[in-house]
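Peer 1: Sharing target15.txt here; it has compact mmCIF, C-alpha atoms and all ligand atoms.
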# COMPACT_ATOMS: atom_id res chain seq x y z
CA MET A 1 20.90 5.64 11.34
CA ILE A 2 17.43 5.33 9.85
CA LEU A 3 14.31 6.29 11.77
CA HIS A 4 11.22 4.53 10.52
CA PHE A 5 7.55 5.33 11.20
CA GLY A 6 5.13 2.40 10.90
CA LEU A 7 6.14 -0.96 12.31
CA GLY A 8 3.75 -3.11 10.29
CA ALA A 9 4.60 -6.31 8.44
CA PHE A 10 5.32 -4.40 5.23
CA HIS A 11 8.24 -2.48 6.72
CA ARG A 12 9.66 -5.60 8.33
CA ALA A 13 9.51 -7.45 4.99
CA HIS A 14 10.71 -4.61 2.76
CA GLN A 15 12.83 -1.64 3.90
CA ALA A 16 14.27 -3.57 6.88
CA VAL A 17 15.33 -6.38 4.53
CA HIS A 18 16.82 -4.00 1.95
CA THR A 19 18.77 -2.28 4.71
CA GLN A 20 20.12 -5.58 5.99
CA GLU A 21 21.03 -6.75 2.48
CA ALA A 22 22.79 -3.45 1.68
CA GLY A 23 25.30 -4.62 4.31
CA ASP A 24 26.88 -1.21 4.92
CA GLY A 25 26.17 -0.85 8.61
CA TRP A 26 22.99 1.27 8.62
CA THR A 27 20.53 0.30 11.34
CA ILE A 28 16.91 1.20 12.04
CA CYS A 29 15.01 2.62 14.98
CA ALA A 30 11.35 1.86 14.24
CA VAL A 31 8.38 3.71 15.66
CA ALA A 32 4.99 2.02 16.18
CA PRO A 33 2.28 4.70 15.77
CA ARG A 34 -0.46 2.89 17.70
CA SER A 35 -0.31 -0.67 18.96
CA PRO A 36 2.42 -1.65 21.41
CA ASP A 37 2.22 -5.35 20.46
CA VAL A 38 5.02 -5.53 17.89
CA VAL A 39 7.21 -3.28 20.04
CA ARG A 40 6.78 -5.71 22.93
CA ALA A 41 7.38 -8.74 20.75
CA LEU A 42 10.52 -7.28 19.19
CA ARG A 43 11.96 -6.09 22.49
CA ASP A 44 11.40 -9.55 23.97
CA GLN A 45 13.40 -11.16 21.18
CA ASP A 46 16.30 -8.70 20.99
CA HIS A 47 14.71 -7.10 17.90
CA ARG A 48 15.45 -10.15 15.74
CA TYR A 49 12.70 -11.70 13.70
CA THR A 50 12.13 -14.09 10.83
CA LEU A 51 11.19 -13.29 7.26
CA LEU A 52 9.38 -16.23 5.67
CA VAL A 53 9.38 -16.20 1.89
CA ARG A 54 6.61 -18.35 0.42
CA ASP A 55 6.55 -19.48 -3.16
CA GLY A 56 4.11 -22.32 -3.89
CA GLU A 57 5.28 -25.31 -1.87
CA ARG A 58 8.60 -23.69 -0.96
CA VAL A 59 9.18 -21.65 2.17
CA SER A 60 12.47 -20.20 3.40
CA ALA A 61 13.33 -18.44 6.65
CA THR A 62 15.84 -15.58 7.02
CA GLU A 63 16.71 -13.78 10.21
CA VAL A 64 16.41 -9.98 9.99
CA THR A 65 18.52 -7.93 12.41
CA SER A 66 18.55 -4.42 10.92
CA ILE A 67 15.96 -3.04 13.39
CA ARG A 68 17.88 -2.33 16.60
CA ARG A 69 15.46 -0.21 18.55
CA THR A 70 11.72 0.36 18.76
CA LEU A 71 9.63 3.19 20.12
CA HIS A 72 5.93 3.28 20.92
CA ALA A 73 4.68 6.71 19.78
CA PRO A 74 1.66 7.10 22.12
CA THR A 75 3.79 6.54 25.25
CA GLU A 76 7.22 7.69 24.02
CA ALA A 77 6.42 10.75 21.93
CA GLU A 78 9.26 12.87 23.30
CA GLN A 79 11.84 10.20 22.42
CA VAL A 80 10.41 9.99 18.92
CA ILE A 81 10.79 13.75 18.45
CA ARG A 82 14.30 13.59 19.85
CA TYR A 83 15.22 10.89 17.33
CA VAL A 84 13.88 12.93 14.42
CA ALA A 85 16.14 15.78 15.56
CA ASP A 86 19.17 13.55 16.23
CA PRO A 87 22.13 14.37 13.91
CA SER A 88 22.98 10.67 13.57
CA VAL A 89 19.59 10.06 11.93
CA ARG A 90 20.05 10.89 8.26
CA VAL A 91 17.18 9.01 6.66
CA ILE A 92 13.57 8.86 7.88
CA THR A 93 11.31 6.33 6.14
CA LEU A 94 7.54 6.00 6.48
CA THR A 95 4.96 3.24 5.96
CA ILE A 96 2.02 4.80 7.75
CA THR A 97 -0.76 3.93 5.21
CA GLU A 98 -2.65 6.24 2.89
CA LYS A 99 -4.96 7.76 5.49
CA ALA A 100 -2.21 8.89 7.89
CA TYR A 101 -1.05 11.69 5.57
CA ALA A 102 -4.18 13.70 6.30
CA ASP A 103 -3.71 13.45 10.07
CA THR A 104 -1.42 16.19 11.34
CA ALA A 105 -2.49 16.06 15.02
CA PRO A 106 0.49 16.48 17.41
CA GLY A 107 0.73 12.79 18.39
CA SER A 108 0.22 11.41 14.86
CA PRO A 109 3.19 10.20 12.78
CA ILE A 110 3.10 13.40 10.68
CA GLY A 111 2.70 15.55 13.82
CA LEU A 112 5.69 13.92 15.51
CA LEU A 113 7.77 14.06 12.34
CA ALA A 114 6.99 17.76 11.84
CA ALA A 115 7.78 18.62 15.48
CA GLY A 116 11.07 16.75 15.23
CA LEU A 117 12.06 18.35 11.91
CA SER A 118 11.43 21.85 13.29
CA ARG A 119 13.55 21.06 16.31
CA ARG A 120 16.20 19.54 14.06
CA SER A 121 16.47 22.57 11.83
CA ALA A 122 16.53 24.97 14.83
CA ALA A 123 19.43 22.95 16.27
CA GLY A 124 21.28 22.77 12.93
CA ALA A 125 21.38 18.96 13.18
CA GLY A 126 22.17 18.47 9.48
CA PRO A 127 20.33 17.38 6.37
CA VAL A 128 17.94 14.46 6.32
CA ALA A 129 15.82 12.66 3.71
CA VAL A 130 12.17 11.91 4.53
CA VAL A 131 11.14 8.95 2.41
CA SER A 132 7.49 7.99 2.07
CA CYS A 133 7.10 4.30 1.20
CA ASP A 134 3.31 4.35 0.93
CA ASN A 135 1.29 3.63 -2.22
CA LEU A 136 0.38 7.23 -2.98
CA LEU A 137 0.65 9.39 -6.06
CA ALA A 138 3.80 11.55 -5.78
CA ASN A 139 4.43 10.28 -2.25
CA GLY A 140 7.47 12.59 -1.79
CA ALA A 141 5.44 15.72 -2.55
CA ARG A 142 2.60 14.38 -0.44
CA VAL A 143 4.65 13.96 2.74
CA ARG A 144 6.33 17.32 2.12
CA GLU A 145 2.89 18.95 1.95
CA ALA A 146 1.75 17.18 5.12
CA VAL A 147 4.86 18.37 6.99
CA GLN A 148 4.37 21.88 5.68
CA HIS A 149 0.77 21.81 6.84
CA ALA A 150 1.80 20.63 10.32
CA CYS A 151 4.77 23.05 10.78
CA GLY A 152 3.61 26.02 8.76
CA ASN A 153 6.78 25.75 6.65
CA VAL A 154 9.20 23.14 5.34
CA PRO A 155 12.25 23.00 7.61
CA GLU A 156 15.55 23.62 5.84
CA GLY A 157 17.84 20.77 4.84
CA VAL A 158 15.05 18.22 4.40
CA SER A 159 14.53 16.36 1.12
CA PHE A 160 11.47 14.33 0.20
CA PRO A 161 12.47 11.82 -2.48
CA ALA A 162 9.62 10.04 -4.25
CA THR A 163 9.63 6.24 -4.11
CA VAL A 164 7.76 3.21 -5.38
CA VAL A 165 7.68 0.12 -3.19
CA ASP A 166 6.55 -3.31 -4.27
CA ARG A 167 6.23 -6.53 -2.33
CA MET A 168 3.11 -8.47 -1.44
CA VAL A 169 3.08 -8.89 2.32
CA PRO A 170 -0.09 -10.43 3.76
CA ALA A 171 -0.86 -10.09 7.45
CA THR A 172 1.00 -12.74 9.46
CA THR A 173 -1.23 -15.62 10.64
CA PRO A 174 -0.84 -18.00 13.62
CA ASP A 175 0.08 -20.64 11.07
CA ASP A 176 2.97 -18.45 9.83
CA LEU A 177 4.22 -18.02 13.41
CA ALA A 178 4.16 -21.80 13.85
CA THR A 179 6.09 -22.25 10.58
CA ALA A 180 8.71 -19.69 11.67
CA GLU A 181 9.15 -21.54 14.96
CA ARG A 182 9.42 -24.90 13.21
CA LEU A 183 12.06 -23.63 10.76
CA THR A 184 14.18 -21.64 13.23
CA GLY A 185 13.63 -23.57 16.46
CA ARG A 186 12.63 -20.33 18.24
CA PRO A 187 9.24 -18.82 19.00
CA ASP A 188 8.85 -15.55 17.09
CA LEU A 189 5.88 -13.24 17.57
CA ALA A 190 7.21 -10.69 15.06
CA ALA A 191 7.73 -13.01 12.08
CA VAL A 192 6.51 -11.78 8.69
CA VAL A 193 5.67 -13.54 5.43
CA ALA A 194 6.23 -12.26 1.89
CA GLU A 195 6.41 -13.31 -1.74
CA PRO A 196 9.90 -13.74 -3.30
CA PHE A 197 9.57 -10.57 -5.43
CA SER A 198 10.68 -7.28 -3.94
CA GLN A 199 11.32 -3.96 -5.61
CA TRP A 200 12.12 -0.40 -4.57
CA VAL A 201 12.52 2.50 -6.98
CA LEU A 202 13.74 5.78 -5.50
CA GLN A 203 14.57 9.28 -6.57
CA ASP A 204 18.19 9.81 -5.53
CA ASP A 205 17.84 12.84 -3.26
CA PHE A 206 19.53 12.01 0.06
CA PRO A 207 21.45 15.10 1.25
CA GLY A 208 22.64 13.38 4.45
CA GLY A 209 23.77 10.14 2.75
CA ARG A 210 21.96 6.82 2.54
CA PRO A 211 22.41 3.05 2.65
CA SER A 212 23.60 1.37 -0.56
CA TRP A 213 20.14 -0.08 -1.08
CA GLU A 214 21.09 -0.67 -4.74
CA ARG A 215 23.17 -3.59 -3.46
CA ALA A 216 19.88 -5.11 -2.35
CA GLY A 217 18.29 -4.52 -5.77
CA ALA A 218 16.83 -1.01 -5.30
CA ARG A 219 16.92 1.28 -8.34
CA PHE A 220 17.78 4.95 -8.07
CA VAL A 221 16.27 6.93 -10.93
CA ALA A 222 15.83 10.56 -11.91
CA ASP A 223 12.06 10.28 -12.37
CA VAL A 224 9.96 7.72 -10.54
CA GLU A 225 6.66 8.76 -12.11
CA PRO A 226 6.44 6.15 -14.89
CA TYR A 227 7.24 3.39 -12.35
CA GLU A 228 4.69 4.81 -9.94
CA GLN A 229 1.87 4.94 -12.48
CA ALA A 230 2.65 1.44 -13.73
CA LYS A 231 2.81 -0.06 -10.25
CA LEU A 232 -0.26 1.68 -8.81
CA ARG A 233 -2.48 1.12 -11.83
CA VAL A 234 -1.35 -2.39 -12.77
CA LEU A 235 -0.64 -4.11 -9.48
CA ASN A 236 -2.70 -2.13 -7.01
CA GLY A 237 -5.52 -1.50 -9.51
CA VAL A 238 -5.92 -5.21 -10.27
CA HIS A 239 -5.49 -6.07 -6.58
CA SER A 240 -8.36 -3.76 -5.59
CA ALA A 241 -10.57 -4.99 -8.45
CA LEU A 242 -10.04 -8.59 -7.33
CA ALA A 243 -10.39 -7.76 -3.64
CA TYR A 244 -13.89 -6.26 -4.06
CA THR A 245 -15.21 -8.69 -6.65
CA GLY A 246 -13.54 -11.57 -4.79
CA ALA A 247 -15.05 -10.64 -1.42
CA LEU A 248 -18.49 -10.14 -2.99
CA THR A 249 -18.39 -13.55 -4.68
CA GLY A 250 -17.37 -15.41 -1.54
CA HIS A 251 -13.59 -15.76 -2.06
CA GLU A 252 -11.37 -15.29 0.93
CA TYR A 253 -8.01 -15.04 -0.87
CA ILE A 254 -6.78 -13.18 -3.97
CA ALA A 255 -5.38 -16.38 -5.51
CA ASP A 256 -8.83 -18.01 -5.25
CA ALA A 257 -10.48 -14.98 -6.82
CA LEU A 258 -8.04 -15.28 -9.74
CA ASP A 259 -8.92 -18.93 -10.13
CA ASP A 260 -12.54 -18.02 -10.77
CA PRO A 261 -12.92 -17.50 -14.56
CA PRO A 262 -15.14 -14.38 -14.63
CA LEU A 263 -12.86 -12.67 -12.11
CA ALA A 264 -9.71 -13.68 -13.99
CA HIS A 265 -11.36 -12.32 -17.14
CA LEU A 266 -12.03 -9.00 -15.39
CA ALA A 267 -8.38 -8.78 -14.27
CA GLU A 268 -7.09 -9.52 -17.79
CA ARG A 269 -9.46 -7.15 -19.59
CA LEU A 270 -8.95 -4.38 -17.04
CA LEU A 271 -5.21 -4.60 -17.66
CA ALA A 272 -5.24 -4.96 -21.42
CA GLU A 273 -8.07 -2.61 -22.35
CA ASP A 274 -8.14 0.05 -19.66
CA VAL A 275 -4.88 0.23 -17.71
CA LEU A 276 -2.03 -0.48 -20.13
CA PRO A 277 -3.15 2.04 -22.78
CA THR A 278 -2.86 4.82 -20.16
CA LEU A 279 0.76 4.10 -19.25
CA THR A 280 4.14 5.29 -20.48
CA PRO A 281 6.53 2.34 -20.14
CA PRO A 282 9.30 2.96 -17.60
CA PRO A 283 12.76 2.61 -19.19
CA GLY A 284 13.43 -1.01 -20.14
CA VAL A 285 9.99 -2.25 -19.04
CA ASP A 286 7.70 -4.14 -21.40
CA LEU A 287 4.27 -3.32 -20.00
CA PRO A 288 2.34 -6.42 -21.19
CA SER A 289 5.02 -8.70 -19.68
CA TYR A 290 4.99 -6.65 -16.50
CA GLY A 291 1.20 -7.11 -16.31
CA GLU A 292 1.56 -10.87 -16.79
CA GLN A 293 4.26 -11.06 -14.15
CA VAL A 294 2.04 -9.21 -11.68
CA VAL A 295 -0.88 -11.58 -12.29
CA THR A 296 1.44 -14.60 -11.88
CA ARG A 297 2.62 -13.18 -8.55
CA MET A 298 -1.00 -12.87 -7.43
CA ARG A 299 -1.57 -16.53 -8.25
CA ASN A 300 0.94 -17.54 -5.54
CA ARG A 301 -1.58 -19.29 -3.30
CA ALA A 302 0.91 -19.95 -0.53
CA LEU A 303 0.73 -16.23 0.20
CA ARG A 304 -2.88 -16.40 1.45
CA HIS A 305 -3.40 -12.71 0.78
CA ARG A 306 -6.90 -11.93 2.04
CA CYS A 307 -9.33 -9.96 -0.11
CA ALA A 308 -10.47 -8.23 3.10
CA GLN A 309 -6.96 -6.91 3.79
CA ILE A 310 -6.66 -5.34 0.35
CA ALA A 311 -10.27 -4.11 0.37
CA MET A 312 -9.53 -1.97 3.45
CA ASP A 313 -9.57 1.85 3.10
CA GLY A 314 -11.02 1.79 -0.41
CA SER A 315 -12.06 5.43 -0.25
CA LEU A 316 -8.37 6.32 -0.15
CA LYS A 317 -7.10 3.60 -2.46
CA VAL A 318 -9.65 3.45 -5.30
CA PRO A 319 -9.10 7.04 -6.53
CA ILE A 320 -5.34 6.39 -6.87
CA ARG A 321 -5.60 2.87 -8.25
CA LEU A 322 -8.63 2.93 -10.57
CA LEU A 323 -10.08 6.38 -11.09
CA GLY A 324 -6.94 7.78 -12.78
CA THR A 325 -7.18 4.99 -15.33
CA ALA A 326 -10.88 5.74 -15.91
CA ARG A 327 -10.21 9.46 -16.25
CA ASP A 328 -7.39 9.00 -18.76
CA ARG A 329 -9.39 6.58 -20.92
CA LEU A 330 -12.38 8.90 -20.97
CA ALA A 331 -10.13 11.82 -21.94
CA ALA A 332 -8.81 9.68 -24.82
CA GLY A 333 -12.38 9.11 -25.99
CA ALA A 334 -12.50 5.45 -24.87
CA PHE A 335 -14.86 3.85 -22.39
CA PRO A 336 -13.17 2.13 -19.39
CA GLN A 337 -15.82 -0.52 -18.82
CA TRP A 338 -13.64 -2.80 -16.68
CA ALA A 339 -12.44 -0.03 -14.40
CA CYS A 340 -16.08 1.03 -14.10
CA LEU A 341 -17.03 -2.53 -13.04
CA ALA A 342 -14.29 -2.54 -10.41
CA VAL A 343 -15.40 0.83 -9.04
CA ALA A 344 -18.99 -0.45 -8.88
CA ALA A 345 -17.79 -3.52 -6.95
CA TRP A 346 -16.05 -1.23 -4.47
CA LEU A 347 -19.24 0.84 -4.02
CA ARG A 348 -21.33 -2.28 -3.44
CA HIS A 349 -18.72 -3.58 -1.01
CA VAL A 350 -18.63 -0.42 1.07
CA THR A 351 -22.33 0.48 0.97
CA VAL A 352 -24.33 -2.77 0.73
CA SER A 353 -21.59 -4.94 2.26
CA LEU A 354 -23.22 -8.31 1.52
CA ASP A 355 -21.77 -10.97 -0.75
CA ASP A 356 -23.74 -12.85 -3.40
CA ALA A 357 -24.86 -15.40 -0.80
CA GLY A 358 -26.12 -12.63 1.50
CA HIS A 359 -23.27 -12.94 4.01
CA PRO A 360 -21.76 -9.73 5.39
CA VAL A 361 -18.30 -8.76 4.07
CA ASP A 362 -15.64 -7.12 6.26
CA VAL A 363 -15.63 -3.37 5.69
CA ASN A 364 -12.89 -1.25 7.13
CA ASP A 365 -12.92 2.26 5.74
CA PRO A 366 -12.95 5.65 7.48
CA ARG A 367 -15.64 6.88 5.06
CA ALA A 368 -17.87 3.79 5.20
CA GLU A 369 -20.57 5.49 7.31
CA ASP A 370 -20.74 8.57 5.08
CA LEU A 371 -20.92 6.53 1.92
CA ARG A 372 -23.49 4.13 3.32
CA ARG A 373 -25.75 7.05 4.17
CA LEU A 374 -25.76 8.00 0.50
CA ALA A 375 -26.42 4.49 -0.78
CA HIS A 376 -30.12 5.21 -1.43
CA ALA A 377 -29.19 8.29 -3.53
CA PRO A 378 -26.85 7.00 -6.25
CA GLU A 379 -26.51 10.44 -7.87
CA ARG A 380 -25.17 11.98 -4.68
CA LEU A 381 -23.02 8.96 -3.91
CA LEU A 382 -21.35 9.19 -7.30
CA ALA A 383 -20.93 12.96 -7.04
CA GLU A 384 -19.21 12.28 -3.73
CA VAL A 385 -16.82 9.56 -4.89
CA VAL A 386 -16.16 10.51 -8.51
CA PRO A 387 -16.67 14.29 -8.54
CA ASP A 388 -14.33 14.87 -11.44
CA LEU A 389 -16.09 12.29 -13.57
CA ALA A 390 -19.43 14.02 -13.15
CA ASP A 391 -19.11 15.59 -16.60
CA HIS A 392 -18.87 12.12 -18.11
CA PRO A 393 -22.52 11.11 -17.80
CA ASP A 394 -21.87 7.89 -19.72
CA PHE A 395 -19.46 6.79 -16.97
CA THR A 396 -21.83 7.58 -14.12
CA THR A 397 -24.77 6.04 -15.99
CA HIS A 398 -22.81 2.84 -16.59
CA LEU A 399 -21.74 2.78 -12.95
CA ARG A 400 -25.35 3.12 -11.81
CA ASN A 401 -26.53 0.42 -14.20
CA THR A 402 -23.79 -1.91 -13.01
CA LEU A 403 -24.84 -1.34 -9.40
CA SER A 404 -28.43 -2.22 -10.36
CA ASP A 405 -27.22 -5.38 -12.14
CA PHE A 406 -25.25 -6.38 -9.06
CA ALA A 407 -28.34 -5.87 -6.89
CA GLU A 408 -30.62 -7.75 -9.26
CA HIS A 409 -28.47 -10.64 -10.52
CA GLY A 410 -25.51 -10.80 -8.13
CA VAL A 411 -21.91 -9.82 -8.79
CA ARG A 412 -20.75 -13.15 -10.18
CA ALA A 413 -23.57 -13.40 -12.73
CA SER A 414 -23.04 -9.77 -13.79
CA LEU A 415 -19.31 -10.41 -14.31
CA THR A 416 -20.05 -13.56 -16.24
CA HIS A 417 -22.10 -11.58 -18.73
CA ALA A 418 -19.75 -8.59 -18.91
C1 LIG A 501 -2.29 -4.17 -1.60
C2 LIG A 501 -0.85 -3.69 -1.51
O1 LIG A 501 -3.07 -4.04 0.62
C3 LIG A 501 -3.17 -3.58 -0.51
O2 LIG A 501 -3.96 -2.68 -0.78
O3 LIG A 501 -2.76 -3.85 -2.87
O4 LIG A 501 -0.41 -3.57 -0.25
C4 LIG A 501 0.10 -4.57 -2.34
O5 LIG A 501 0.20 -5.87 -1.85
C5 LIG A 501 1.48 -3.96 -2.39
O6 LIG A 501 1.38 -2.62 -2.80
C6 LIG A 501 2.38 -4.75 -3.32
O7 LIG A 501 3.52 -4.04 -3.57
Can the structure from this file be put into structure tokens for me?
Peer 2:
Amino acid sequence: MILHFGLGAFHRAHQAVHTQEAGDGWTICAVAPRSPDVVRALRDQDHRYTLLVRDGERVSATEVTSIRRTLHAPTEAEQVIRYVADPSVRVITLTITEKAYADTAPGSPIGLLAAGLSRRSAAGAGPVAVVSCDNLLANGARVREAVQHACGNVPEGVSFPATVVDRMVPATTPDDLATAERLTGRPDLAAVVAEPFSQWVLQDDFPGGRPSWERAGARFVADVEPYEQAKLRVLNGVHSALAYTGALTGHEYIADALDDPPLAHLAERLLAEDVLPTLTPPPGVDLPSYGEQVVTRMRNRALRHRCAQIAMDGSLKVPIRLLGTARDRLAAGAFPQWACLAVAAWLRHVTVSLDDAGHPVDVNDPRAEDLRRLAHAPERLLAEVVPDLADHPDFTTHLRNTLSDFAEHGVRASLTHA
């Protein structure tokens, strides 16, 4: 059995689907860290739900049945710990978002996982793989570190394979729920919507066994790092750049942002001039074609992927998605002007939080208050968010100038002249 932490739409459209498609009998018990809503919805419908795949005008509906049980962590913490320690659980997957790795409080996903792993190793319940499926750098090492921090040691018999996940899964809307009902004839409050593309690259380190996810298209590789860098810098980097510039220029959806010429230009230049030169191609991958494929996927307007959703938690995402690119280009003696523009758009989004027409943008970031307090002192703000780029005064100067241009001329006009 698989125990999963994080019952959001992404899990229901990715790992749950891979597990069903592997077809070798593995099932999932999924833990909701906070809200009881999806737990209630799934329990009410026998844990079956619909995956809608949207591609332009086409939409298909598939029933997903791999999740068989759900637990609500705040009210069922002891059961969660018991599951972690259960010998029949041999794989534990996580989609808990970037910020949850720093939270090791007893009731948090990491706290519960650590308590369960300690109990498991004390009881000799057998080996288990803990598989982070979040968009982090070295996510295997990161969850291992978080567990070690919470338990004081790493319990024996636990592996932490690194993985790279990829599927665009926007938040489900009332319209999606109505479509699911129309296509299946049943109301479904847990339906999810995704693009056709789905990928999972994993390090093959599963001491207690695993599903044959390769039958569902997953790739098991010795080293995930080249895939990770390519995915985080190309897809997530461009996504974040478009989310901030899109929101600040009045676009609600990523596909609309990409339809706006200066924003499309930013995405193309960012990829070609800043991101791709920093990457080592993963085996068999042609990076320019990969970049084009990613941009084509983002143009799928049926997905209605909101800029605001992707803009969320920038203080945790931007360093992983854009600052590594900037750092590597600077080290190579080149100036990453497009990455710098994207970082400036993020800073304007989180600190000024008004679009070009003066309307407030949705900001959802645990550090928003801190960063806003520094908005009047650009030097300190930059030292705070790009500390390791402080010895590149040309980068910080350009960032400051870009912020002034945004304030004076607006984001769209500044991009048009970039
Ligand atoms: C997005 C990602 O929400 C976001 O920040 O950039 O979730 C993106 O859709 C996925 O990583 C695609 O694999």
Peer 1: Show me, as a PyMOL selection string, the residues that have an atom within 10 Å of Leu42 in chain A when counting all atoms listed in the file, minus same-chain residues fewer than 5 positions from it.
Peer 2: chain A and resi 37+47-49+67-70+188-191
Peer 1: Find the residues around Phe197 in chain A up to 9 Å (all atoms listed in the file counted), leave out those fewer than 2 positions away in its own chain, and share them as a ChimeraX atom specification.
Peer 2: /A:166-168,194-195,199,297
Peer 1: Have a look at A:Asp388, A:Ile110, A:Ser118, A:Thr163 and name the one nearest to Val143 in chain A; count only C-alpha atoms.
Peer 2: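 Of all the options, A:Ile110 lies closest to Val143 in chain A.
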Peer 1: Distance limit 10 Å, reference ligand LIG 501 (chain A), atoms considered: all atoms listed in the file. Which residues make the cut? Give them as a JSON list (two decimals) with C-alpha atoms, in the frame of the given file.
Peer 2:
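Output below, filename pocket.json:
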[["chain", "number", "residue", "atom", "x", "y", "z"],
["A", 10, "PHE", "CA", 5.32, -4.40, 5.23],
["A", 14, "HIS", "CA", 10.71, -4.61, 2.76],
["A", 97, "THR", "CA", -0.76, 3.93, 5.21],
["A", 98, "GLU", "CA", -2.65, 6.24, 2.89],
["A", 133, "CYS", "CA", 7.10, 4.30, 1.20],
["A", 134, "ASP", "CA", 3.31, 4.35, 0.93],
["A", 135, "ASN", "CA", 1.29, 3.63, -2.22],
["A", 136, "LEU", "CA", 0.38, 7.23, -2.98],
["A", 164, "VAL", "CA", 7.76, 3.21, -5.38],
["A", 165, "VAL", "CA", 7.68, 0.12, -3.19],
["A", 166, "ASP", "CA", 6.55, -3.31, -4.27],
["A", 167, "ARG", "CA", 6.23, -6.53, -2.33],
["A", 168, "MET", "CA", 3.11, -8.47, -1.44],
["A", 169, "VAL", "CA", 3.08, -8.89, 2.32],
["A", 170, "PRO", "CA", -0.09, -10.43, 3.76],
["A", 171, "ALA", "CA", -0.86, -10.09, 7.45],
["A", 194, "ALA", "CA", 6.23, -12.26, 1.89],
["A", 195, "GLU", "CA", 6.41, -13.31, -1.74],
["A", 197, "PHE", "CA", 9.57, -10.57, -5.43],
["A", 198, "SER", "CA", 10.68, -7.28, -3.94],
["A", 199, "GLN", "CA", 11.32, -3.96, -5.61],
["A", 200, "TRP", "CA", 12.12, -0.40, -4.57],
["A", 231, "LYS", "CA", 2.81, -0.06, -10.25],
["A", 232, "LEU", "CA", -0.26, 1.68, -8.81],
["A", 235, "LEU", "CA", -0.64, -4.11, -9.48],
["A", 236, "ASN", "CA", -2.70, -2.13, -7.01],
["A", 237, "GLY", "CA", -5.52, -1.50, -9.51],
["A", 238, "VAL", "CA", -5.92, -5.21, -10.27],
["A", 239, "HIS", "CA", -5.49, -6.07, -6.58],
["A", 240, "SER", "CA", -8.36, -3.76, -5.59],
["A", 241, "ALA", "CA", -10.57, -4.99, -8.45],
["A", 242, "LEU", "CA", -10.04, -8.59, -7.33],
["A", 243, "ALA", "CA", -10.39, -7.76, -3.64],
["A", 294, "VAL", "CA", 2.04, -9.21, -11.68],
["A", 297, "ARG", "CA", 2.62, -13.18, -8.55],
["A", 298, "MET", "CA", -1.00, -12.87, -7.43],
["A", 305, "HIS", "CA", -3.40, -12.71, 0.78],
["A", 306, "ARG", "CA", -6.90, -11.93, 2.04],
["A", 307, "CYS", "CA", -9.33, -9.96, -0.11],
["A", 308, "ALA", "CA", -10.47, -8.23, 3.10],
["A", 309, "GLN", "CA", -6.96, -6.91, 3.79],
["A", 310, "ILE", "CA", -6.66, -5.34, 0.35],
["A", 311, "ALA", "CA", -10.27, -4.11, 0.37],
["A", 312, "MET", "CA", -9.53, -1.97, 3.45],
["A", 313, "ASP", "CA", -9.57, 1.85, 3.10],
["A", 314, "GLY", "CA", -11.02, 1.79, -0.41],
["A", 317, "LYS", "CA", -7.10, 3.60, -2.46],
["A", 318, "VAL", "CA", -9.65, 3.45, -5.30],
["A", 321, "ARG", "CA", -5.60, 2.87, -8.25]]
Peer 1: What does the distance between CA of Gln20 in chain A and CA of Arg43 in chain A come to in Å, to one decimal place?
Peer 2: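 Between CA of Gln20 in chain A and CA of Arg43 in chain A the gap is 18.4 Å.
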Peer 1: CA of Ala302 in chain A and CA of Arg58 in chain A, how far apart in Å?
Peer 2: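 Distance between the two atoms: 8.6 Å.
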Peer 1: Restricting the calculation to only C-alpha atoms: of A:Thr416, A:Asn139, A:Thr296, A:Gln229, which residue gets closest to Leu258 in chain A?
Peer 2: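 Using only C-alpha atoms, the shortest distance to Leu258 in chain A belongs to A:Thr296.
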Peer 1: Looking at A:Thr95, A:His392, A:Val192, A:Ala61, which one is nearest to Ala9 in chain A, with distances taken over all atoms listed in the file?
Peer 2: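 When distances to Ala9 in chain A are compared using all atoms listed in the file, the smallest one comes from A:Val192.
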Peer 1: Missing atoms in range 390-396 of chain A should be modelled up to N, CA and C atoms and reported as an mmCIF file, keeping the file's coordinate frame.
Peer 2:
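Result went into result-v9.cif, see below:
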data_model
loop_
_atom_site.group_PDB
_atom_site.id
_atom_site.type_symbol
_atom_site.label_atom_id
_atom_site.label_comp_id
_atom_site.auth_asym_id
_atom_site.auth_seq_id
_atom_site.Cartn_x
_atom_site.Cartn_y
_atom_site.Cartn_z
ATOM 1 N N ALA A 390 -18.028 13.641 -13.044
ATOM 2 C CA ALA A 390 -19.430 14.020 -13.150
ATOM 3 C C ALA A 390 -19.761 14.539 -14.558
ATOM 4 N N ASP A 391 -18.776 15.133 -15.241
ATOM 5 C CA ASP A 391 -19.110 15.590 -16.600
ATOM 6 C C ASP A 391 -18.932 14.485 -17.640
ATOM 7 N N HIS A 392 -18.847 13.257 -17.181
ATOM 8 C CA HIS A 392 -18.870 12.120 -18.110
ATOM 9 C C HIS A 392 -20.112 11.303 -17.784
ATOM 10 N N PRO A 393 -21.274 11.789 -18.205
ATOM 11 C CA PRO A 393 -22.520 11.110 -17.800
ATOM 12 C C PRO A 393 -22.547 9.649 -18.226
ATOM 13 N N ASP A 394 -21.828 9.305 -19.318
ATOM 14 C CA ASP A 394 -21.870 7.890 -19.720
ATOM 15 C C ASP A 394 -21.186 7.019 -18.670
ATOM 16 N N PHE A 395 -20.132 7.567 -18.006
ATOM 17 C CA PHE A 395 -19.460 6.790 -16.970
ATOM 18 C C PHE A 395 -20.386 6.603 -15.768
ATOM 19 N N THR A 396 -20.969 7.698 -15.309
ATOM 20 C CA THR A 396 -21.830 7.580 -14.120
ATOM 21 C C THR A 396 -23.083 6.749 -14.424
#
